[in-house]
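A short worksheet on the structure shown next.
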Amino acid sequence: MRLDELARRDFPILERIVNGRPLIYLDSAASSQKPRTVIEAMTRYYERSHANVHRSIHTLGEEATELYETARDRVQRFIGAAHREEVVFTRGTSDGLSLIAETLRRTLGPGDEVLVTEMEHHSNLVPWQLAARDRGAVVRAIPIRDDATLDLDAFGRLLGERTRVVAFAHVSNVLGTVNPVREICARARAVGAVSVVDGAQAAPHLSLDMSLLECDVYSFSSHKMLGPTGIGVLYGRRALLERLEPGRGGSEMIKEVWIDRALWNDLPWRFEPGTPPIAEAVGLAAAIEYLEKLGMERVAEHERALAHQAMAELEAIPGVTVYGPRSPAARGAVVAFSVAGYHPHDVAALLDAEGIAVRAGHHCAQPLMRRLGVVGTSRASFSVFNSPDEVSRLARVVAELGSRL
C-alpha cells in the first residue's frame, strides 16, 4: 500500500469539498494538516489534565508537567540529541532563530561577520541583520550557483577569522535544495564560528540525527510536521547553551532573583520564560509518534517521488519554469514554478478555483527572488497524505492555464 493510501484517512480536513471539488492540499511547506491522533491528544489534555507546569504539587499540575517533559524526551529521540537539556521549546522556527540571534548578539563586535546564504527565509536573515546592526557587525551572503546549489567555493572565500556565525537552511523553502549540513558546520567550526541551521523544511521530511549533522543550533516548527501551531524546537549543543546567558527574562528561567540580579535556571528552562505551550507540546509528541510509525525513511522516499513527478510533469508544459536542483536526491518536498503570462498570485487563485491549494508570492525569501529575477513563484509542497494522482491533477490544471494564453 502506498503511503498516502495508508495515511490519508487519518486527516479529517481532507474530507472537505472546496469550490465544488475534493480538496487537494499542496501547501504543507507553509503549514501541514493534522492527523486525528494529534487533535485527539490535545483535546484529551484539555479535558483531563490541564494545569500549569513545574509550579504545582497537585495532581493536575503533576500530570501536565509529566506530559510536557515527556514531549521533550520524545523530541530528543526524534532528532538524535545527546541530552534532553539540549531541547528548548519555542513558538516555532522563526522564534527559535530569533532567540539564538538575541542570545548570540552580545558575542558580536565591530567588524565581526555573520554568514547567511542567498536562499535564506527572512526568519534566518532579519534576526542576524538586527544583531549585526546593534553590534557593528556585518552580514554577508554565500551565493548560489545557477544549478540552485550553494557555491561552496565562495563560502570558503568568505569564511575567515572574523566569522562568528554561519546561518543557513537545511532545505530551501523555495528551491528545495538540500544543503550539506555536516560539511558546512565542520568548516564553520574550524574557524570558531557557531553554526545555526534552519530546519523548518527538513524536520517534517528527513531523518534527523544531531550527532551526525554536528551543528551547534537547529531550529524547526511543529506545524509543518503534522503538529499544532504555536510550538517549535530549538536544539542547542549543550556546551554552547551552558555558556550563553538568556536573551529573554521572566518566570521559569530563573532559580533566584534579587532586586539587582538573578541566578539563571538549569538547561533547558533558562531559555523558556513564561508559561510554555503545554497542549502544543502534547500535540507535537503525538505528531512525532505518528511520523515514526510511518517511518521517516518511507516518508522521505514518498515525498521525494512526488516532487520528482511534479518537476517532470510541470516542466513538460510549454511556458512553465520550474526552479531548483534537477536531481531528486538533491531536493526536498517543495516544487516552485512560474507560468509565463501569469502572476503567481493569479496562478494560485485559478488553482484554488479547482480545489487545489498552493502557495504563491515571494515565500519570505525576497533576496532569492531577486537572484532568480522574478517577483515570486507558485509553490506546491507535499506531505504524507498527497498522492501521485493529485500531482497529475495539478499539472493538468496548470497546462490548461497555459492553453488560455
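Ligands are numbered from 1 in the order shown, chains are lettered A, B, ... in the order of the C-alpha cells, and residues start at 1 in each chain.
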- Write out as a ChimeraX atom specification the residues lying within 9 Å of Thr107 (chain A), counting only C-alpha atoms and excluding same-chain residues fewer than 4 positions away. /A:103,135,164
- If you count only C-alpha atoms, which residues fall within 12 Å of Pro367 (chain A), apart from same-chain ones fewer than 5 positions away, as a list in words?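 Here the answer would be Val116, Thr117, Glu118, Met119, Glu120, His121, His122, Leu125, Val126, Ala141, Ile142, Pro143, Ile144, Val174, His362, Leu372, Gly373, Val374, Val375 and Gly376 of chain A.
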- Message: Residues near Pro204 (chain A), anyone? I mean within 8 Å using only C-alpha atoms, not counting same-chain ones fewer than 5 positions away, as a VMD selection string.
- Response: chain A and resid 224 to 226
Keeping C-alpha atoms, export the residues of the selection given above as a tab-separated table (two decimals), in the first residue's frame.
```tsv
chain	number	residue	atom	x	y	z
A	224	LYS	CA	4.95	21.92	9.34
A	225	MET	CA	5.36	18.33	10.59
A	226	LEU	CA	1.70	17.41	11.24
```
- Task: Just list the residues in region 18-188 of chain A DSSP gives alpha helix (DSSP H) on the backbone, as a PyMOL selection string.
- Result: chain A and resi 36-48+59-79+93-104+126-135+152-158+181-188
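Nearest-residue note for Ser221 (chain A): choosing from A:Asp4, A:Glu280, A:Asp266, A:Glu63, the minimum distance belongs to A:Glu280, counting only C-alpha atoms.
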- How many Å separate CA of Arg238 (chain A) from CA of Glu86 (chain A)? 5.5 Å
Go through region 85-203 of chain A residue by residue and, counting only C-alpha atoms, keep those with an atom at most 12 Å from region 291-300 of chain A; for each kept residue give the shortest atom pair and its distance in Å to one decimal, ordered by chain and increasing number, as CSV.
```
residue,atom,partner,partner_atom,distance
A:Gln201,CA,A:Ala300,CA,11.8
A:Ala202,CA,A:Ala300,CA,9.7
A:Ala203,CA,A:Met296,CA,9.7
```
- Query: Between A:Ala353, A:Ala148, A:Leu104, A:Val391, which one has atoms that come closest to Arg331 (chain A), using only C-alpha atoms?
  - Reply: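 For Arg331 (chain A), the nearest of the candidates is A:Ala148.
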